[in-house]
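Undergrad: This one is target.pdb, PDB, C-alpha atoms and all ligand atoms.
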```
ATOM      1  CA  MET B   1      -3.268 -36.167 -52.863
ATOM      2  CA  ASP B   2      -6.340 -34.919 -54.622
ATOM      3  CA  GLY B   3      -4.529 -32.421 -56.805
ATOM      4  CA  GLY B   4      -6.792 -29.498 -55.861
ATOM      5  CA  THR B   5      -5.403 -26.165 -54.814
ATOM      6  CA  VAL B   6      -5.712 -23.506 -52.192
ATOM      7  CA  THR B   7      -4.042 -20.146 -52.433
ATOM      8  CA  ALA B   8      -2.003 -17.842 -50.277
ATOM      9  CA  ALA B   9      -3.962 -18.405 -47.107
ATOM     10  CA  ALA B  10      -1.795 -21.462 -46.524
ATOM     11  CA  ASN B  11       1.237 -19.250 -45.945
ATOM     12  CA  GLU B  12       1.504 -18.324 -42.308
ATOM     13  CA  GLY B  13       5.171 -17.492 -42.361
ATOM     14  CA  GLY B  14       4.816 -13.823 -43.169
ATOM     15  CA  THR B  15       6.484 -14.317 -46.534
ATOM     16  CA  ALA B  16       5.444 -12.207 -49.481
ATOM     17  CA  LEU B  17       2.811 -13.959 -51.556
ATOM     18  CA  ALA B  18       3.117 -11.840 -54.628
ATOM     19  CA  ASP B  19       2.765 -14.283 -57.454
ATOM     20  CA  PRO B  20      -0.824 -15.474 -57.905
ATOM     21  CA  ARG B  21       0.347 -18.110 -60.355
ATOM     22  CA  ARG B  22       1.977 -19.941 -57.499
ATOM     23  CA  GLU B  23      -0.428 -22.156 -55.696
ATOM     24  CA  CYS B  24      -0.107 -24.170 -52.574
ATOM     25  CA  VAL B  25      -1.254 -27.702 -53.086
ATOM     26  CA  ALA B  26      -4.321 -28.597 -51.140
ATOM     27  CA  SER B  27      -3.877 -31.372 -48.676
ATOM     28  CA  ALA B  28      -5.926 -33.051 -46.044
ATOM     29  CA  GLY B  29      -5.242 -29.967 -43.921
ATOM     30  CA  PRO B  30      -4.745 -29.939 -40.193
ATOM     31  CA  PRO B  31      -4.573 -32.036 -38.249
ATOM     32  CA  TYR B  32      -2.168 -34.009 -40.463
ATOM     33  CA  ALA B  33      -1.313 -37.560 -39.564
ATOM     34  CA  LEU B  34       2.236 -37.820 -38.269
ATOM     35  CA  PRO B  35       4.669 -39.655 -40.543
ATOM     36  CA  ALA B  36       5.193 -43.279 -39.549
ATOM     37  CA  THR B  37       8.925 -42.871 -38.963
ATOM     38  CA  LEU B  38      11.586 -40.219 -38.461
ATOM     39  CA  THR B  39      14.630 -40.492 -40.726
ATOM     40  CA  PRO B  40      17.714 -38.289 -41.132
ATOM     41  CA  SER B  41      16.236 -36.988 -44.404
ATOM     42  CA  LYS B  42      12.962 -36.028 -42.760
ATOM     43  CA  MET B  43      14.799 -34.286 -39.941
ATOM     44  CA  SER B  44      16.939 -32.255 -42.260
ATOM     45  CA  ARG B  45      14.050 -31.467 -44.631
ATOM     46  CA  PHE B  46      11.855 -30.217 -41.796
ATOM     47  CA  MET B  47      14.658 -28.119 -40.371
ATOM     48  CA  SER B  48      15.547 -26.559 -43.718
ATOM     49  CA  CYS B  49      11.959 -25.911 -44.883
ATOM     50  CA  PRO B  50       8.788 -27.076 -43.128
ATOM     51  CA  LEU B  51       6.683 -26.474 -46.260
ATOM     52  CA  ALA B  52       8.943 -28.656 -48.392
ATOM     53  CA  PHE B  53       8.699 -31.304 -45.678
ATOM     54  CA  ARG B  54       4.901 -31.185 -45.806
ATOM     55  CA  LEU B  55       4.740 -31.317 -49.595
ATOM     56  CA  SER B  56       7.149 -34.240 -49.706
ATOM     57  CA  TYR B  57       6.248 -36.427 -46.761
ATOM     58  CA  LEU B  58       2.636 -35.551 -45.962
ATOM     59  CA  ASP B  59       1.163 -34.505 -49.309
ATOM     60  CA  ARG B  60       3.511 -36.934 -51.052
ATOM     61  CA  LEU B  61       4.005 -34.867 -54.172
ATOM     62  CA  PRO B  62       6.314 -36.608 -56.610
ATOM     63  CA  GLU B  63       9.920 -35.402 -56.679
ATOM     64  CA  PRO B  64      11.695 -36.287 -59.898
ATOM     65  CA  PRO B  65      15.127 -37.777 -59.199
ATOM     66  CA  THR B  66      18.176 -35.667 -59.915
ATOM     67  CA  VAL B  67      21.303 -36.797 -61.733
ATOM     68  CA  ASP B  68      23.226 -36.569 -58.452
ATOM     69  CA  GLN B  69      20.752 -38.841 -56.697
ATOM     70  CA  VAL B  70      20.718 -41.428 -59.475
ATOM     71  CA  ARG B  71      24.517 -41.402 -59.710
ATOM     72  CA  GLY B  72      24.666 -42.065 -55.967
ATOM     73  CA  THR B  73      22.087 -44.844 -56.101
ATOM     74  CA  ILE B  74      23.935 -46.714 -58.855
ATOM     75  CA  VAL B  75      27.313 -46.440 -57.121
ATOM     76  CA  HIS B  76      25.842 -47.600 -53.806
ATOM     77  CA  ARG B  77      24.280 -50.577 -55.542
ATOM     78  CA  ALA B  78      27.567 -51.502 -57.250
ATOM     79  CA  LEU B  79      29.417 -51.450 -53.922
ATOM     80  CA  GLN B  80      26.663 -53.479 -52.306
ATOM     81  CA  LEU B  81      27.018 -56.094 -55.058
ATOM     82  CA  LEU B  82      30.806 -56.099 -54.668
ATOM     83  CA  PHE B  83      30.526 -56.956 -50.969
ATOM     84  CA  SER B  84      27.660 -59.399 -51.283
ATOM     85  CA  SER B  85      29.129 -61.745 -53.880
ATOM     86  CA  GLY B  86      32.306 -63.750 -54.123
ATOM     87  CA  ALA B  87      35.220 -64.222 -51.752
ATOM     88  CA  ALA B  88      36.734 -61.315 -49.866
ATOM     89  CA  ASP B  89      40.040 -61.598 -51.723
ATOM     90  CA  ALA B  90      38.218 -61.168 -55.038
ATOM     91  CA  ARG B  91      37.047 -57.667 -54.145
ATOM     92  CA  ASN B  92      39.088 -55.751 -56.662
ATOM     93  CA  SER B  93      38.395 -52.890 -59.029
ATOM     94  CA  GLU B  94      37.716 -55.233 -61.950
ATOM     95  CA  ARG B  95      35.009 -57.006 -59.956
ATOM     96  CA  ALA B  96      33.642 -53.691 -58.813
ATOM     97  CA  LEU B  97      33.302 -52.466 -62.389
ATOM     98  CA  ASP B  98      31.562 -55.747 -63.270
ATOM     99  CA  ALA B  99      29.197 -55.098 -60.372
ATOM    100  CA  LEU B 100      28.628 -51.616 -61.706
ATOM    101  CA  GLU B 101      27.640 -53.056 -65.084
ATOM    102  CA  VAL B 102      25.144 -55.317 -63.332
ATOM    103  CA  ALA B 103      23.788 -52.375 -61.356
ATOM    104  CA  TRP B 104      23.233 -50.408 -64.556
ATOM    105  CA  THR B 105      21.147 -53.218 -66.068
ATOM    106  CA  GLU B 106      18.857 -53.755 -63.088
ATOM    107  CA  PRO B 107      15.254 -52.782 -63.799
ATOM    108  CA  ALA B 108      15.031 -50.432 -60.824
ATOM    109  CA  MET B 109      18.137 -48.562 -61.976
ATOM    110  CA  ARG B 110      16.971 -48.439 -65.595
ATOM    111  CA  GLU B 111      13.744 -46.923 -64.337
ATOM    112  CA  GLU B 112      15.615 -44.283 -62.327
ATOM    113  CA  VAL B 113      17.912 -43.445 -65.226
ATOM    114  CA  GLY B 114      14.894 -43.366 -67.558
ATOM    115  CA  ALA B 115      13.196 -40.815 -65.319
ATOM    116  CA  LEU B 116      16.104 -38.439 -65.947
ATOM    117  CA  ALA B 117      15.307 -38.455 -69.687
ATOM    118  CA  LEU B 118      18.982 -38.023 -70.571
ATOM    119  CA  ASP B 119      20.179 -37.956 -74.139
ATOM    120  CA  GLU B 120      22.773 -40.521 -75.205
ATOM    121  CA  ARG B 121      25.706 -38.260 -74.520
ATOM    122  CA  ALA B 122      24.539 -37.335 -71.033
ATOM    123  CA  GLU B 123      23.898 -40.971 -70.156
ATOM    124  CA  ARG B 124      27.399 -41.876 -71.337
ATOM    125  CA  ARG B 125      28.796 -39.150 -69.120
ATOM    126  CA  LEU B 126      26.782 -40.463 -66.173
ATOM    127  CA  ARG B 127      28.164 -43.957 -66.836
ATOM    128  CA  ARG B 128      31.706 -42.631 -66.860
ATOM    129  CA  GLU B 129      31.129 -40.752 -63.626
ATOM    130  CA  THR B 130      29.787 -43.836 -61.850
ATOM    131  CA  GLY B 131      32.836 -45.791 -63.060
ATOM    132  CA  THR B 132      35.211 -43.127 -61.753
ATOM    133  CA  LEU B 133      33.523 -43.065 -58.358
ATOM    134  CA  VAL B 134      33.652 -46.852 -58.039
ATOM    135  CA  GLU B 135      37.350 -46.886 -58.960
ATOM    136  CA  ARG B 136      38.121 -44.097 -56.508
ATOM    137  CA  TYR B 137      36.659 -46.155 -53.691
ATOM    138  CA  PHE B 138      39.746 -48.388 -53.833
ATOM    139  CA  ALA B 139      41.989 -45.526 -52.726
ATOM    140  CA  LEU B 140      40.041 -45.241 -49.474
ATOM    141  CA  GLU B 141      40.337 -48.726 -48.014
ATOM    142  CA  ASP B 142      41.335 -52.291 -48.765
ATOM    143  CA  PRO B 143      38.016 -54.090 -49.303
ATOM    144  CA  THR B 144      39.630 -57.532 -48.942
ATOM    145  CA  ALA B 145      40.297 -56.722 -45.276
ATOM    146  CA  VAL B 146      36.712 -55.680 -44.554
ATOM    147  CA  HIS B 147      34.265 -57.944 -42.658
ATOM    148  CA  PRO B 148      30.799 -56.645 -43.408
ATOM    149  CA  ILE B 149      27.972 -57.972 -41.248
ATOM    150  CA  GLY B 150      25.274 -55.968 -42.965
ATOM    151  CA  LEU B 151      24.710 -54.208 -46.278
ATOM    152  CA  GLU B 152      22.011 -51.625 -46.996
ATOM    153  CA  LEU B 153      20.541 -52.385 -43.596
ATOM    154  CA  ASP B 154      17.090 -50.999 -42.923
ATOM    155  CA  VAL B 155      17.319 -50.244 -39.214
ATOM    156  CA  ARG B 156      14.465 -49.101 -37.034
ATOM    157  CA  VAL B 157      14.205 -48.428 -33.359
ATOM    158  CA  ARG B 158      11.437 -47.008 -31.217
ATOM    159  CA  VAL B 159      12.376 -44.212 -28.849
ATOM    160  CA  GLY B 160       9.474 -42.851 -26.853
ATOM    161  CA  ASP B 161       6.612 -42.348 -29.287
ATOM    162  CA  VAL B 162       8.740 -42.158 -32.425
ATOM    163  CA  GLU B 163      10.229 -44.840 -34.643
ATOM    164  CA  LEU B 164      13.674 -43.807 -35.866
ATOM    165  CA  ARG B 165      14.595 -45.352 -39.174
ATOM    166  CA  GLY B 166      17.685 -45.285 -41.341
ATOM    167  CA  ILE B 167      19.437 -47.246 -44.083
ATOM    168  CA  ILE B 168      23.026 -48.124 -43.212
ATOM    169  CA  ASP B 169      25.207 -48.643 -46.278
ATOM    170  CA  ARG B 170      27.543 -51.069 -44.552
ATOM    171  CA  LEU B 171      28.087 -52.350 -41.036
ATOM    172  CA  ASP B 172      31.534 -53.861 -40.400
ATOM    173  CA  ARG B 173      32.820 -55.989 -37.561
ATOM    174  CA  LEU B 174      36.391 -55.395 -36.470
ATOM    175  CA  GLU B 175      38.673 -58.099 -35.071
ATOM    176  CA  ASP B 176      38.042 -57.000 -31.495
ATOM    177  CA  GLY B 177      34.293 -57.495 -31.995
ATOM    178  CA  SER B 178      33.406 -53.816 -32.215
ATOM    179  CA  VAL B 179      31.364 -52.500 -35.138
ATOM    180  CA  VAL B 180      31.826 -49.621 -37.544
ATOM    181  CA  VAL B 181      29.103 -47.886 -39.551
ATOM    182  CA  VAL B 182      30.182 -47.026 -43.104
ATOM    183  CA  ASP B 183      28.391 -44.444 -45.198
ATOM    184  CA  TYR B 184      29.386 -43.873 -48.835
ATOM    185  CA  LYS B 185      29.077 -40.333 -50.141
ATOM    186  CA  THR B 186      29.143 -39.490 -53.819
ATOM    187  CA  GLY B 187      28.972 -35.718 -53.469
ATOM    188  CA  ARG B 188      31.733 -33.329 -52.481
ATOM    189  CA  ALA B 189      33.418 -33.692 -49.105
ATOM    190  CA  PRO B 190      32.507 -30.877 -46.714
ATOM    191  CA  ARG B 191      35.045 -28.187 -46.012
ATOM    192  CA  PRO B 192      36.488 -28.448 -42.488
ATOM    193  CA  GLU B 193      34.248 -25.651 -41.205
ATOM    194  CA  GLN B 194      31.171 -27.493 -42.563
ATOM    195  CA  SER B 195      32.045 -30.926 -41.182
ATOM    196  CA  ARG B 196      30.332 -30.514 -37.812
ATOM    197  CA  SER B 197      26.990 -29.523 -39.263
ATOM    198  CA  ARG B 198      27.052 -32.463 -41.693
ATOM    199  CA  LEU B 199      27.468 -35.048 -38.943
ATOM    200  CA  GLY B 200      23.870 -35.164 -37.730
ATOM    201  CA  GLY B 201      23.118 -38.211 -39.889
ATOM    202  CA  VAL B 202      26.248 -39.922 -38.619
ATOM    203  CA  HIS B 203      25.130 -39.662 -35.024
ATOM    204  CA  PHE B 204      21.680 -40.821 -36.036
ATOM    205  CA  TYR B 205      23.067 -44.104 -37.419
ATOM    206  CA  ALA B 206      25.337 -44.590 -34.435
ATOM    207  CA  PHE B 207      22.428 -44.014 -32.076
ATOM    208  CA  VAL B 208      20.114 -46.446 -33.869
ATOM    209  CA  CYS B 209      22.858 -49.099 -33.952
ATOM    210  CA  GLU B 210      23.527 -48.662 -30.267
ATOM    211  CA  GLN B 211      19.859 -49.118 -29.443
ATOM    212  CA  LEU B 212      19.601 -52.211 -31.635
ATOM    213  CA  LEU B 213      22.881 -53.955 -30.844
ATOM    214  CA  GLY B 214      23.178 -52.986 -27.216
ATOM    215  CA  HIS B 215      26.606 -51.479 -27.737
ATOM    216  CA  ARG B 216      27.824 -48.360 -29.404
ATOM    217  CA  PRO B 217      29.602 -48.497 -32.769
ATOM    218  CA  ARG B 218      33.242 -47.655 -32.335
ATOM    219  CA  GLU B 219      33.215 -45.341 -35.352
ATOM    220  CA  VAL B 220      31.153 -43.979 -38.161
ATOM    221  CA  ARG B 221      33.121 -43.575 -41.391
ATOM    222  CA  LEU B 222      31.942 -41.281 -44.142
ATOM    223  CA  MET B 223      33.689 -42.194 -47.386
ATOM    224  CA  TYR B 224      33.658 -39.346 -49.868
ATOM    225  CA  LEU B 225      34.430 -41.186 -53.080
ATOM    226  CA  LYS B 226      34.685 -38.174 -55.345
ATOM    227  CA  ASP B 227      37.273 -36.330 -53.250
ATOM    228  CA  GLN B 228      38.791 -39.504 -51.808
ATOM    229  CA  VAL B 229      38.366 -38.296 -48.260
ATOM    230  CA  VAL B 230      37.302 -40.329 -45.229
ATOM    231  CA  VAL B 231      35.743 -38.512 -42.281
ATOM    232  CA  VAL B 232      35.795 -40.601 -39.103
ATOM    233  CA  GLU B 233      33.636 -39.792 -36.134
ATOM    234  CA  SER B 234      33.616 -41.624 -32.801
ATOM    235  CA  PRO B 235      30.241 -41.469 -31.067
ATOM    236  CA  THR B 236      30.336 -40.350 -27.435
ATOM    237  CA  ASP B 237      27.865 -40.178 -24.552
ATOM    238  CA  GLN B 238      27.454 -36.517 -25.348
ATOM    239  CA  SER B 239      26.860 -36.998 -29.079
ATOM    240  CA  MET B 240      24.320 -39.783 -28.415
ATOM    241  CA  ARG B 241      22.515 -37.652 -25.860
ATOM    242  CA  GLY B 242      22.553 -34.740 -28.292
ATOM    243  CA  LEU B 243      21.106 -36.859 -31.076
ATOM    244  CA  ARG B 244      18.311 -38.140 -28.880
ATOM    245  CA  GLN B 245      17.405 -34.629 -27.742
ATOM    246  CA  ARG B 246      17.541 -33.267 -31.264
ATOM    247  CA  ALA B 247      15.391 -36.071 -32.697
ATOM    248  CA  MET B 248      12.823 -35.671 -29.907
ATOM    249  CA  ALA B 249      12.733 -31.893 -30.366
ATOM    250  CA  ILE B 250      12.242 -32.159 -34.130
ATOM    251  CA  TRP B 251       9.584 -34.842 -33.708
ATOM    252  CA  ALA B 252       7.723 -32.601 -31.243
ATOM    253  CA  ALA B 253       7.955 -29.664 -33.674
ATOM    254  CA  ILE B 254       6.627 -31.854 -36.501
ATOM    255  CA  GLY B 255       3.783 -32.908 -34.205
ATOM    256  CA  ARG B 256       2.893 -29.290 -33.475
ATOM    257  CA  ALA B 257       3.003 -28.394 -37.162
ATOM    258  CA  CYS B 258       0.797 -31.373 -38.036
ATOM    259  CA  GLU B 259      -1.688 -30.283 -35.410
ATOM    260  CA  SER B 260      -1.812 -26.634 -36.488
ATOM    261  CA  GLY B 261      -1.078 -26.995 -40.198
ATOM    262  CA  ASP B 262       1.664 -24.373 -39.814
ATOM    263  CA  PHE B 263       4.347 -25.558 -42.220
ATOM    264  CA  ARG B 264       6.101 -22.339 -43.119
ATOM    265  CA  PRO B 265       8.156 -21.920 -46.236
ATOM    266  CA  ASN B 266      11.738 -21.060 -45.444
ATOM    267  CA  PRO B 267      13.334 -19.497 -48.518
ATOM    268  CA  SER B 268      17.073 -20.110 -48.781
ATOM    269  CA  PRO B 269      19.699 -20.793 -51.438
ATOM    270  CA  LEU B 270      18.413 -24.391 -51.379
ATOM    271  CA  CYS B 271      15.197 -23.217 -53.077
ATOM    272  CA  ARG B 272      16.869 -23.468 -56.467
ATOM    273  CA  PHE B 273      17.135 -27.256 -56.013
ATOM    274  CA  CYS B 274      13.567 -27.582 -54.691
ATOM    275  CA  ALA B 275      11.125 -29.635 -56.751
ATOM    276  CA  PHE B 276       8.160 -27.813 -55.213
ATOM    277  CA  GLN B 277       8.781 -24.296 -56.446
ATOM    278  CA  ALA B 278       5.576 -24.304 -58.474
ATOM    279  CA  HIS B 279       3.636 -25.042 -55.293
ATOM    280  CA  CYS B 280       5.419 -22.586 -53.045
ATOM    281  CA  PRO B 281       4.301 -18.999 -52.534
ATOM    282  CA  ALA B 282       7.765 -18.060 -51.282
ATOM    283  CA  ALA B 283       9.816 -19.596 -54.071
ATOM    284  CA  PRO B 284      12.180 -17.244 -55.854
ATOM    285  CA  ALA B 285      10.852 -15.821 -59.106
ATOM    286  CA  ALA B 286      11.869 -17.873 -62.115
TER
HETATM  287  S1  LIG K 301      10.924 -23.280 -52.879
HETATM  288 FE1  LIG K 301      12.138 -22.899 -51.008
HETATM  289  S2  LIG K 301      10.698 -22.071 -49.500
HETATM  290 FE2  LIG K 301       9.502 -23.041 -51.135
HETATM  291  S3  LIG K 301       9.096 -25.137 -50.453
HETATM  292 FE3  LIG K 301      10.948 -25.199 -51.702
HETATM  293  S4  LIG K 301      12.638 -24.949 -50.223
HETATM  294 FE4  LIG K 301      10.756 -24.285 -49.191
END
```
How does the structure come out when it is put into C-alpha cells?

TA:
Amino acid sequence: MDGGTVTAAANEGGTALADPRRECVASAGPPYALPATLTPSKMSRFMSCPLAFRLSYLDRLPEPPTVDQVRGTIVHRALQLLFSSGAADARNSERALDALEVAWTEPAMREEVGALALDERAERRLRRETGTLVERYFALEDPTAVHPIGLELDVRVRVGDVELRGIIDRLDRLEDGSVVVVDYKTGRAPRPEQSRSRLGGVHFYAFVCEQLLGHRPREVRLMYLKDQVVVVESPTDQSMRGLRQRAMAIWAAIGRACESGDFRPNPSPLCRFCAFQAHCPAAPAA
C-alpha cells in the first residue's frame, strides 16, 4: 500500500458519498491480483462487504486486533498446549491452566495483548476471562479420552483454479478409524435459528479434510466454551456439494471484482465493528 488516496469515484455501489472527510484508500486499482488462497474468513468477508474484503486482503490495511480476537487466540493456544504435551490422562483443568499461563507469556501473545493497549485492570479482566473459558472446556468433553491426530492444522487443497485453505483447531481419530474436526469457539453460541447460517465454515473444513484424507470426516464439532454448548454437524453429499458450489461461486465473484475494481461497500450493522470506517464512503457517521 502506498498510503495515497482517491475520493468518492471509487464507490460504484450507489451509496451516498456525503462526507468528504472519508477517503477511499488508493490501491493498485483494477485489475487486482487474486488472493493466493480462499479461506472461510475471506469468503464471509467478501459476502458481507466487498469493500472491506478489498481493504483487508488486497490493499492489506492493518486491522488492529480486538479484545475478542485476542481472548480467542490465547484460549486456542492454551488448549493446543494442553493436547500437545504430556500423557492423555494428565489432561486436567490444572494442567490446562498451567498451559494458559505459558500461552500468556509467549512473545506472540504478549505482542497481541500489547497491541490492545489495555490498562492493568482490563488486562486482569482479560486474564480472568481466558481462565474461565479454559475451565469451561472441561464441561464439554473428557480430554483424556480424545485421540488428536492434528492440532492447529494448516490445511490446503486445490479445487479447480483455487486453493482452499483453513486452520483446523483439532482433528481427532475415533476408535473405528473415522475422524472428527473440532473447532473451539470463544464467542456466544448461535441461537437455533442462526445455527444454519453459521455452519458455512464447518462444511469448509469437512470438505478440505475429505479432499486431503480421501474420506469424509464423520462429524464437525463446534465447541462453544462460553455457553458450554456443542453443535455437531455431520457432513453429507449434499453439504459437500453445496460447499464446493458456494466456494466456486464466491471465487468467481472475487475474480470479477478484481478484474473490474468493483468492490462495493455494503453498509450493515457490522459496520460498527469495521476497522476501515475511516476509509469507507458508506460508513455510518460517527
Ligand atoms: S464501514 Fe461498513 S460498508 Fe464500509 S467497509 Fe466497513 S463494513 Fe463495509

Undergrad: For the PyMOL selection byres (((chain B and resi 188) around 12) and not hetatm), applied here, can you spell out every residue it catches as a count of residues only?

TA: 22

Undergrad: Got a sec to resolve the PyMOL selection byres (((not hetatm)) within 6 of (chain K and resi 301)) on this structure and send the residues as a list in words?

TA: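 Going through the file, the PyMOL selection byres (((not hetatm)) within 6 of (chain K and resi 301)) ends up selecting Cys49, Leu51, Ala52, Pro265, Asn266, Pro267, Leu270, Cys271, Cys274, Phe276, Gln277, Cys280, Ala282 and Ala283 of chain B.
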
Undergrad: Identify which of the residues B:Ala257, B:Val75, B:Ala145, B:Val70 lies closest to B:Glu112, counting only C-alpha atoms when measuring atom-to-atom distances.

TA: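 Among B:Ala257, B:Val75, B:Ala145, B:Val70, it is B:Val70 that comes nearest to B:Glu112.
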
Undergrad: To box stretch 142-159 of chain B, take all atoms listed in the file, fit an axis-aligned box, add 5 Å on each side, and give centre and edge lengths in Å to one decimal, as lines of an AutoDock Vina configuration file.

TA:
```
center_x = 26.4
center_y = -51.1
center_z = -39.1
size_x = 39.9
size_y = 23.8
size_z = 30.5
```

Undergrad: State, in Å with one decimal place, the distance from atom CA of B:Arg264 to atom CA of B:Ser239.

TA: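 Atom-to-atom, atom CA of B:Arg264 to atom CA of B:Ser239, that is 29.0 Å.
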